[in-house]
$ cat run22.pdb   # PDB, C-alpha atoms
ATOM      1  CA  MET U   1      -9.393  -7.203 -38.637
ATOM      2  CA  ARG U   2     -11.506 -10.324 -38.300
ATOM      3  CA  ILE U   3     -10.715 -13.213 -35.963
ATOM      4  CA  HIS U   4     -12.148 -16.514 -37.143
ATOM      5  CA  THR U   5     -13.037 -18.453 -34.025
ATOM      6  CA  GLN U   6     -16.533 -19.588 -33.332
ATOM      7  CA  GLY U   7     -17.936 -17.581 -36.206
ATOM      8  CA  GLY U   8     -15.461 -14.697 -35.963
ATOM      9  CA  ILE U   9     -15.727 -11.239 -34.480
ATOM     10  CA  GLN U  10     -14.698  -7.812 -35.646
ATOM     11  CA  ILE U  11     -11.769  -6.311 -33.684
ATOM     12  CA  ASP U  12     -11.353  -2.537 -33.531
ATOM     13  CA  ILE U  13      -7.558  -2.272 -33.573
ATOM     14  CA  ALA U  14      -7.610   1.447 -32.724
ATOM     15  CA  ALA U  15      -9.802   0.843 -29.652
ATOM     16  CA  VAL U  16      -7.548  -1.999 -28.464
ATOM     17  CA  ALA U  17      -4.440   0.157 -28.934
ATOM     18  CA  GLN U  18      -6.083   3.051 -27.099
ATOM     19  CA  ALA U  19      -7.077   0.763 -24.189
ATOM     20  CA  LYS U  20      -3.513  -0.582 -23.972
ATOM     21  CA  THR U  21      -2.085   2.937 -23.965
ATOM     22  CA  GLY U  22      -4.500   3.941 -21.190
ATOM     23  CA  LYS U  23      -3.523   0.871 -19.155
ATOM     24  CA  ASP U  24       0.176   1.571 -19.663
ATOM     25  CA  GLN U  25      -0.270   5.205 -18.587
ATOM     26  CA  ALA U  26      -2.232   4.180 -15.467
ATOM     27  CA  LEU U  27       0.453   1.649 -14.571
ATOM     28  CA  GLU U  28       3.151   4.302 -14.937
ATOM     29  CA  ARG U  29       1.192   6.711 -12.682
ATOM     30  CA  LEU U  30       0.798   3.941 -10.098
ATOM     31  CA  LYS U  31       4.548   3.281 -10.154
ATOM     32  CA  GLN U  32       5.207   7.010  -9.663
ATOM     33  CA  PHE U  33       2.791   7.172  -6.704
ATOM     34  CA  LEU U  34       4.400   4.108  -5.116
ATOM     35  CA  THR U  35       7.840   5.652  -5.525
ATOM     36  CA  GLU U  36       6.632   8.888  -3.894
ATOM     37  CA  ILE U  37       5.132   6.953  -0.973
ATOM     38  CA  GLU U  38       8.282   4.885  -0.471
ATOM     39  CA  ASN U  39      10.537   7.957  -0.804
ATOM     40  CA  SER U  40       8.612   9.487   2.101
ATOM     41  CA  GLY U  41       9.723   6.561   4.273
ATOM     42  CA  CYS U  42       6.500   4.553   4.140
ATOM     43  CA  LEU U  43       6.342   0.942   3.026
ATOM     44  CA  VAL U  44       3.552  -0.218   0.729
ATOM     45  CA  LYS U  45       2.944  -3.805   1.844
ATOM     46  CA  ASP U  46      -0.120  -4.956  -0.105
ATOM     47  CA  LEU U  47      -1.860  -3.067  -2.898
ATOM     48  CA  GLU U  48      -5.000  -5.211  -2.899
ATOM     49  CA  MET U  49      -5.585  -4.705   0.840
ATOM     50  CA  GLY U  50      -4.218  -1.162   0.784
ATOM     51  CA  LEU U  51      -1.653  -1.866   3.523
ATOM     52  CA  VAL U  52       0.959   0.741   4.357
ATOM     53  CA  ASP U  53       3.524   0.562   7.168
ATOM     54  CA  PHE U  54       5.234   3.557   8.752
ATOM     55  CA  PRO U  55       8.554   2.846  10.489
ATOM     56  CA  THR U  56       8.994   4.186  14.019
ATOM     57  CA  VAL U  57      11.001   3.293  17.118
ATOM     58  CA  LEU U  58       9.580   1.606  20.222
ATOM     59  CA  ASP U  59      11.823   0.789  23.187
ATOM     60  CA  GLY U  60      14.893   1.294  20.988
ATOM     61  CA  SER U  61      13.739  -1.115  18.228
ATOM     62  CA  GLU U  62      12.196  -0.375  14.869
ATOM     63  CA  VAL U  63       8.509  -1.268  14.626
ATOM     64  CA  TYR U  64       5.847  -0.373  12.098
ATOM     65  CA  LEU U  65       2.726   1.674  12.532
ATOM     66  CA  CYS U  66       0.207  -0.055  10.284
ATOM     67  CA  TRP U  67      -2.665   1.413   8.253
ATOM     68  CA  LYS U  68      -5.137  -0.357   5.992
ATOM     69  CA  LEU U  69      -7.266   1.284   3.311
ATOM     70  CA  GLY U  70     -10.628   2.212   4.801
ATOM     71  CA  GLU U  71      -9.335   2.762   8.340
ATOM     72  CA  LYS U  72      -9.979   6.312   9.538
ATOM     73  CA  HIS U  73      -6.635   6.614  11.303
ATOM     74  CA  ILE U  74      -3.464   4.691  12.133
ATOM     75  CA  GLY U  75      -4.577   2.552  15.050
ATOM     76  CA  PHE U  76      -2.271  -0.476  14.903
ATOM     77  CA  TRP U  77       1.387  -1.405  15.069
ATOM     78  CA  HIS U  78       3.522  -4.546  14.740
ATOM     79  CA  ARG U  79       7.141  -5.641  15.020
ATOM     80  CA  THR U  80       9.073  -5.826  11.762
ATOM     81  CA  ASP U  81       9.078  -9.638  11.863
ATOM     82  CA  GLU U  82       5.347 -10.007  12.531
ATOM     83  CA  GLY U  83       3.551  -8.450   9.596
ATOM     84  CA  TYR U  84      -0.161  -7.731   9.296
ATOM     85  CA  GLN U  85      -1.209 -10.828  11.272
ATOM     86  CA  GLY U  86       0.711  -9.508  14.296
ATOM     87  CA  ARG U  87      -1.062  -6.143  14.428
ATOM     88  CA  LYS U  88      -1.763  -4.794  17.886
ATOM     89  CA  SER U  89      -3.823  -1.775  18.874
ATOM     90  CA  ILE U  90      -1.999   1.441  19.581
ATOM     91  CA  ASP U  91      -3.001   1.768  23.212
ATOM     92  CA  ARG U  92      -1.896   3.924  26.154
ATOM     93  CA  ASP U  93       0.980   1.516  26.939
ATOM     94  CA  PHE U  94       2.306   1.795  23.384
ATOM     95  CA  LEU U  95       2.051   5.596  23.455
ATOM     96  CA  ASP U  96       3.826   5.827  26.822
ATOM     97  CA  ARG U  97       6.616   3.493  25.677
ATOM     98  CA  HIS U  98       6.885   5.207  22.274
ATOM     99  CA  ARG U  99       7.194   8.621  23.865
ATOM    100  CA  GLY U 100       9.512   7.371  26.560
ATOM    101  CA  GLY U 101       6.909   8.457  29.103
ATOM    102  CA  ARG U 102       7.339  12.101  28.030
ATOM    103  CA  PRO U 103       5.016  14.205  25.916
ATOM    104  CA  HIS U 104       6.480  15.383  22.584
TER
END

$ encode --input "run22.pdb" --output "structure tokens"
Amino acid sequence: MRIHTQGGIQIDIAAVAQAKTGKDQALERLKQFLTEIENSGCLVKDLEMGLVDFPTVLDGSEVYLCWKLGEKHIGFWHRTDEGYQGRKSIDRDFLDRHRGGRPH
């Protein structure tokens, strides 16, 4: 097929169809992975940043442990109404309050 714009170019229909099929398959795999992650109880918050929240309870209220792609471990948390901008370090105080002062 030839497209006549600015002198025209030759389009390889089979290559375009193959690229679209590959994209569609990758998108389907991504949807399956996201479903698996969310079924495990985690919340995918931002794909571009790679943000994932993990619900937990602190002082009787639900809060989120927060991990970002590239971080070596889960080192932050935030209240459910705060989001990424409200991230705080998981420090000794958090651990003591999360555990109720008792080791698990």

$ atom_distance --input "run22.pdb" --atom1 "atom CA of Ser89 of chain U" --atom2 "atom CA of Phe76 of chain U"
4.5 Å

$ atom_distance --input "run22.pdb" --atom1 "atom CA of Ala14 of chain U" --atom2 "atom CA of Gln32 of chain U"
27.0 Å

$ residues_around --input "run22.pdb" --residues "Glu38 of chain U" --least-positions-apart "6" --cutoff "12 Å" --atoms "all atoms listed in the file" --output "list in words"
Lys31, Gln32, Val44, Lys45, Val52, Asp53, Phe54 and Pro55 of chain U

$ atom_distance --input "run22.pdb" --atom1 "atom CA of Cys66 of chain U" --atom2 "atom CA of His78 of chain U"
7.1 Å

$ resolve_selection --input "run22.pdb" --expression "the PyMOL selection byres ((chain U and resi 84) around 10)" --output "list in words"
Lys45, Asp46, Leu51, Val52, Asp53, Tyr64, Cys66, Trp67, Lys68, Phe76, Trp77, His78, Arg79, Thr80, Asp81, Glu82, Gly83, Gln85, Gly86, Arg87 and Lys88 of chain U

$ closest_residue --input "run22.pdb" --among "U:Ile11, U:Thr21, U:Phe94, U:Glu71" --to "Met49 of chain U" --atoms "all atoms listed in the file"
U:Glu71

$ closest_residue --input "run22.pdb" --among "U:Val57, U:Ile9, U:Leu43, U:Ile74" --to "Ile90 of chain U" --atoms "all atoms listed in the file"
U:Ile74

$ residues_around --input "run22.pdb" --residues "Leu58 of chain U" --least-positions-apart "3" --cutoff "8 Å" --atoms "only C-alpha atoms" --output "list in words"
Ser61, Glu62, Val63, Phe94, Arg97 and His98 of chain U

$ axis_aligned_box --input "run22.pdb" --around "segment 61-79 of chain U" --padding-each-side "5 Å" --output "lines of an AutoDock Vina configuration file"
center_x = 1.6
center_y = 0.5
center_z = 10.8
size_x = 34.4
size_y = 22.3
size_z = 24.9

$ closest_residue --input "run22.pdb" --among "U:Leu65, U:Gly22, U:Asp12, U:Asp59" --to "Gly41 of chain U" --atoms "all atoms listed in the file"
U:Leu65

$ build_atoms --input "run22.pdb" --residues "segment 11-29 of chain U" --atoms "N, CA and C atoms" --output "CSV table (one decimal), in the coordinates of the input"
chain,number,residue,atom,x,y,z
U,11,ILE,N,-12.6,-7.0,-34.7
U,11,ILE,CA,-11.8,-6.3,-33.7
U,11,ILE,C,-11.5,-4.9,-34.1
U,12,ASP,N,-11.7,-3.9,-33.3
U,12,ASP,CA,-11.4,-2.5,-33.5
U,12,ASP,C,-9.9,-2.3,-33.0
U,13,ILE,N,-9.0,-2.4,-33.9
U,13,ILE,CA,-7.6,-2.3,-33.6
U,13,ILE,C,-7.3,-0.9,-32.9
U,14,ALA,N,-7.9,0.1,-33.3
U,14,ALA,CA,-7.6,1.4,-32.7
U,14,ALA,C,-8.1,1.5,-31.3
U,15,ALA,N,-9.3,0.9,-31.0
U,15,ALA,CA,-9.8,0.8,-29.7
U,15,ALA,C,-8.9,0.0,-28.7
U,16,VAL,N,-8.4,-1.1,-29.3
U,16,VAL,CA,-7.5,-2.0,-28.5
U,16,VAL,C,-6.2,-1.3,-28.2
U,17,ALA,N,-5.7,-0.6,-29.1
U,17,ALA,CA,-4.4,0.2,-28.9
U,17,ALA,C,-4.6,1.3,-27.9
U,18,GLN,N,-5.8,2.0,-28.0
U,18,GLN,CA,-6.1,3.1,-27.1
U,18,GLN,C,-6.2,2.5,-25.7
U,19,ALA,N,-6.9,1.4,-25.5
U,19,ALA,CA,-7.1,0.8,-24.2
U,19,ALA,C,-5.7,0.4,-23.6
U,20,LYS,N,-4.9,-0.2,-24.4
U,20,LYS,CA,-3.5,-0.6,-24.0
U,20,LYS,C,-2.7,0.6,-23.5
U,21,THR,N,-2.8,1.7,-24.3
U,21,THR,CA,-2.1,2.9,-24.0
U,21,THR,C,-2.6,3.5,-22.6
U,22,GLY,N,-3.9,3.5,-22.5
U,22,GLY,CA,-4.5,3.9,-21.2
U,22,GLY,C,-4.0,3.1,-20.0
U,23,LYS,N,-4.0,1.8,-20.2
U,23,LYS,CA,-3.5,0.9,-19.2
U,23,LYS,C,-2.1,1.1,-18.8
U,24,ASP,N,-1.2,1.3,-19.9
U,24,ASP,CA,0.2,1.6,-19.7
U,24,ASP,C,0.4,2.9,-18.9
U,25,GLN,N,-0.4,3.9,-19.3
U,25,GLN,CA,-0.3,5.2,-18.6
U,25,GLN,C,-0.7,5.1,-17.1
U,26,ALA,N,-1.8,4.4,-16.9
U,26,ALA,CA,-2.2,4.2,-15.5
U,26,ALA,C,-1.2,3.4,-14.7
U,27,LEU,N,-0.6,2.4,-15.3
U,27,LEU,CA,0.5,1.6,-14.6
U,27,LEU,C,1.7,2.5,-14.3
U,28,GLU,N,2.0,3.4,-15.2
U,28,GLU,CA,3.2,4.3,-14.9
U,28,GLU,C,2.8,5.3,-13.8
U,29,ARG,N,1.6,5.8,-13.8
U,29,ARG,CA,1.2,6.7,-12.7
U,29,ARG,C,1.2,6.0,-11.3
